[in-house]
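Student: Let me give you the structure first, and then I'll get to my questions.
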Amino acid sequence: MKYFVSYTTRDKEITPDLLKQFSKEFEKKGEVFIDLLHNDSIDKQSRVLKELDSCDVMILIETNSVYQSNV
């Protein structure tokens, strides 16, 4: 199972430590992609789209600003 975690860092509660916790939990069940943690590509946007296209499950971390994000 491949998980794609979507979020915005506009909200202060979304921190690298929180994202690492999410990653650790979902790695127990399969592969996980969190842009801030796992995207080491030169073309970052292309990588995000590739990972999103190949995931089985998208998880949205819902915060106040998440629906205001353009991408």
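Residues are referred to by chain and number: the chain letter is A, B, ... according to the order shown in the structure tokens, the number counts from 1 in that chain, and ligands are numbered separately from 1 in the order shown.
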Skipping near chain neighbours, those fewer than 3 positions away, what residues fall within 9 Å of Leu37 (chain A) using only C-alpha atoms, listed as an mmCIF file with all heavy atoms, in the first residue's frame?

Tutor:
```
data_model
loop_
_atom_site.group_PDB
_atom_site.id
_atom_site.type_symbol
_atom_site.label_atom_id
_atom_site.label_comp_id
_atom_site.auth_asym_id
_atom_site.auth_seq_id
_atom_site.Cartn_x
_atom_site.Cartn_y
_atom_site.Cartn_z
ATOM 1 N N PRO A 16 7.931 19.574 11.025
ATOM 2 C CA PRO A 16 8.680 18.393 10.576
ATOM 3 C C PRO A 16 8.551 17.221 11.556
ATOM 4 O O PRO A 16 8.429 16.074 11.130
ATOM 5 C CB PRO A 16 10.118 18.899 10.485
ATOM 6 C CG PRO A 16 9.970 20.350 10.161
ATOM 7 C CD PRO A 16 8.766 20.786 10.961
ATOM 8 N N LEU A 19 5.205 15.541 10.991
ATOM 9 C CA LEU A 19 5.234 14.786 9.739
ATOM 10 C C LEU A 19 6.068 13.509 9.880
ATOM 11 O O LEU A 19 5.723 12.468 9.317
ATOM 12 C CB LEU A 19 5.746 15.666 8.600
ATOM 13 C CG LEU A 19 4.830 16.837 8.241
ATOM 14 C CD1 LEU A 19 5.528 17.750 7.237
ATOM 15 C CD2 LEU A 19 3.487 16.361 7.722
ATOM 16 N N LYS A 20 7.136 13.571 10.649
ATOM 17 C CA LYS A 20 7.934 12.368 10.904
ATOM 18 C C LYS A 20 7.129 11.331 11.668
ATOM 19 O O LYS A 20 7.251 10.127 11.411
ATOM 20 C CB LYS A 20 9.210 12.728 11.677
ATOM 21 C CG LYS A 20 10.237 13.422 10.825
ATOM 22 C CD LYS A 20 11.436 13.859 11.651
ATOM 23 C CE LYS A 20 12.343 14.758 10.834
ATOM 24 N NZ LYS A 20 13.425 15.332 11.636
ATOM 25 N N SER A 23 4.841 9.716 9.187
ATOM 26 C CA SER A 23 5.620 8.828 8.345
ATOM 27 C C SER A 23 5.916 7.516 9.063
ATOM 28 O O SER A 23 5.737 6.426 8.503
ATOM 29 C CB SER A 23 6.928 9.505 7.935
ATOM 30 O OG SER A 23 7.678 8.684 7.083
ATOM 31 N N PHE A 33 4.730 8.770 1.264
ATOM 32 C CA PHE A 33 5.404 9.925 0.672
ATOM 33 C C PHE A 33 4.889 11.185 1.343
ATOM 34 O O PHE A 33 3.690 11.470 1.333
ATOM 35 C CB PHE A 33 5.162 10.017 -0.837
ATOM 36 C CG PHE A 33 5.835 11.212 -1.454
ATOM 37 C CD1 PHE A 33 7.180 11.182 -1.747
ATOM 38 C CD2 PHE A 33 5.124 12.378 -1.717
ATOM 39 C CE1 PHE A 33 7.818 12.292 -2.295
ATOM 40 C CE2 PHE A 33 5.744 13.487 -2.263
ATOM 41 C CZ PHE A 33 7.097 13.442 -2.559
ATOM 42 N N ILE A 34 5.812 11.922 1.935
ATOM 43 C CA ILE A 34 5.536 13.230 2.515
ATOM 44 C C ILE A 34 6.549 14.174 1.892
ATOM 45 O O ILE A 34 7.760 14.026 2.100
ATOM 46 C CB ILE A 34 5.658 13.199 4.056
ATOM 47 C CG1 ILE A 34 4.621 12.232 4.640
ATOM 48 C CG2 ILE A 34 5.508 14.604 4.629
ATOM 49 C CD1 ILE A 34 4.730 12.036 6.135
ATOM 50 N N ASP A 40 13.498 14.604 -2.629
ATOM 51 C CA ASP A 40 14.865 15.068 -2.863
ATOM 52 C C ASP A 40 15.131 15.282 -4.358
ATOM 53 O O ASP A 40 16.270 15.384 -4.788
ATOM 54 C CB ASP A 40 15.873 14.077 -2.277
ATOM 55 C CG ASP A 40 15.714 12.677 -2.840
ATOM 56 O OD1 ASP A 40 14.797 12.453 -3.672
ATOM 57 O OD2 ASP A 40 16.477 11.787 -2.438
#
```

Student: Using CA of Lys2 (chain A) and CA of Lys50 (chain A) as the two end points, give the distance in Å to one decimal.

Tutor: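 One can read the CA of Lys2 (chain A) to CA of Lys50 (chain A) distance as 12.1 Å.
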
Student: Among chain A, which ones does DSSP place in strand (DSSP E), written as a list in words?

Tutor: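 After running DSSP on the backbone, chain A has strand (DSSP E) at Lys2, Tyr3, Phe4, Val5, Ser6, Glu31, Val32, Phe33, Ile34, Val57, Met58, Ile59 and Leu60 of chain A.
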
Student: To one decimal place, how far is CA of Leu36 (chain A) from CA of Ser54 (chain A) in Å?

Tutor: 17.9 Å

Student: At a cut-off of 9 Å, using only C-alpha atoms, what residues contact Met1 (chain A)? Leave out same-chain residues fewer than 5 positions from it and give the result as a PDB file with N, CA and C atoms, in the first residue's frame.

Tutor:
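What ended up in around_39.pdb:
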```pdb
ATOM      1  N   LYS A  29       2.581   0.185   7.614  1.00  0.00           N
ATOM      2  CA  LYS A  29       1.554  -0.395   6.745  1.00  0.00           C
ATOM      3  C   LYS A  29       1.953  -0.417   5.272  1.00  0.00           C
ATOM      4  N   GLY A  30       3.020   0.290   4.915  1.00  0.00           N
ATOM      5  CA  GLY A  30       3.427   0.340   3.519  1.00  0.00           C
ATOM      6  C   GLY A  30       4.353   1.510   3.262  1.00  0.00           C
ATOM      7  N   GLU A  31       4.419   1.932   2.011  1.00  0.00           N
ATOM      8  CA  GLU A  31       5.250   3.070   1.619  1.00  0.00           C
ATOM      9  C   GLU A  31       4.504   4.362   1.885  1.00  0.00           C
ATOM     10  N   VAL A  32       5.235   5.394   2.237  1.00  0.00           N
ATOM     11  CA  VAL A  32       4.616   6.691   2.482  1.00  0.00           C
ATOM     12  C   VAL A  32       5.439   7.782   1.809  1.00  0.00           C
ATOM     13  N   CYS A  55      -0.109   6.628  -5.789  1.00  0.00           N
ATOM     14  CA  CYS A  55      -0.505   6.219  -4.438  1.00  0.00           C
ATOM     15  C   CYS A  55      -1.817   5.446  -4.457  1.00  0.00           C
ATOM     16  N   ASP A  56      -2.009   4.642  -3.433  1.00  0.00           N
ATOM     17  CA  ASP A  56      -3.266   3.928  -3.236  1.00  0.00           C
ATOM     18  C   ASP A  56      -4.223   4.740  -2.367  1.00  0.00           C
ATOM     19  N   VAL A  57      -3.648   5.481  -1.426  1.00  0.00           N
ATOM     20  CA  VAL A  57      -4.438   6.247  -0.464  1.00  0.00           C
ATOM     21  C   VAL A  57      -3.813   7.624  -0.290  1.00  0.00           C
TER      22      VAL A  57
END
```

Student: From a DSSP calculation on the backbone, collect every residue of chain A in alpha helix (DSSP H) and output the set as a list in words.

Tutor: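 Restricting chain A to alpha helix (DSSP H) produces Pro16, Asp17, Leu18, Leu19, Lys20, Gln21, Phe22, Ser23, Lys24, Glu25, Phe26, Glu27, Asp35, Leu36, Leu37, His38, Lys44, Gln45, Ser46, Arg47, Val48, Leu49, Lys50, Glu51, Leu52, Asp53 and Ser54 of chain A.
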
Student: Could those selected residues go to a file with C-alpha atoms, as a PDB file, in the first residue's frame?

Tutor:
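The result, stored in selection-v8.pdb:
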```pdb
ATOM      1  CA  PRO A  16       8.680  18.393  10.576  1.00  0.00           C
ATOM      2  CA  ASP A  17       8.395  16.429  13.820  1.00  0.00           C
ATOM      3  CA  LEU A  18       4.658  15.884  13.332  1.00  0.00           C
ATOM      4  CA  LEU A  19       5.234  14.786   9.739  1.00  0.00           C
ATOM      5  CA  LYS A  20       7.934  12.368  10.904  1.00  0.00           C
ATOM      6  CA  GLN A  21       5.422  10.849  13.328  1.00  0.00           C
ATOM      7  CA  PHE A  22       2.913  10.393  10.496  1.00  0.00           C
ATOM      8  CA  SER A  23       5.620   8.828   8.345  1.00  0.00           C
ATOM      9  CA  LYS A  24       6.678   6.423  11.080  1.00  0.00           C
ATOM     10  CA  GLU A  25       3.090   5.232  11.635  1.00  0.00           C
ATOM     11  CA  PHE A  26       2.224   4.751   7.964  1.00  0.00           C
ATOM     12  CA  GLU A  27       5.536   3.036   7.176  1.00  0.00           C
ATOM     13  CA  ASP A  35       6.915  15.985   0.314  1.00  0.00           C
ATOM     14  CA  LEU A  36       8.824  17.827   3.034  1.00  0.00           C
ATOM     15  CA  LEU A  37      10.530  14.623   4.184  1.00  0.00           C
ATOM     16  CA  HIS A  38      10.926  12.503   1.072  1.00  0.00           C
ATOM     17  CA  LYS A  44       9.949  18.742  -6.974  1.00  0.00           C
ATOM     18  CA  GLN A  45       6.508  19.441  -8.446  1.00  0.00           C
ATOM     19  CA  SER A  46       6.876  16.656 -10.985  1.00  0.00           C
ATOM     20  CA  ARG A  47       7.819  14.252  -8.201  1.00  0.00           C
ATOM     21  CA  VAL A  48       4.770  15.247  -6.168  1.00  0.00           C
ATOM     22  CA  LEU A  49       2.491  14.589  -9.136  1.00  0.00           C
ATOM     23  CA  LYS A  50       4.169  11.230  -9.813  1.00  0.00           C
ATOM     24  CA  GLU A  51       3.799  10.150  -6.187  1.00  0.00           C
ATOM     25  CA  LEU A  52       0.196  11.302  -6.052  1.00  0.00           C
ATOM     26  CA  ASP A  53      -0.610   9.445  -9.260  1.00  0.00           C
ATOM     27  CA  SER A  54       0.921   6.202  -7.972  1.00  0.00           C
TER      28      SER A  54
END
```

Student: With distances taken over only C-alpha atoms, which residue among A:Ile61, A:Lys28, A:Tyr67, A:Ser41 lies nearest Ile14 (chain A)?

Tutor: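 Comparing A:Ile61, A:Lys28, A:Tyr67, A:Ser41 against Ile14 (chain A), the winner is A:Ile61.
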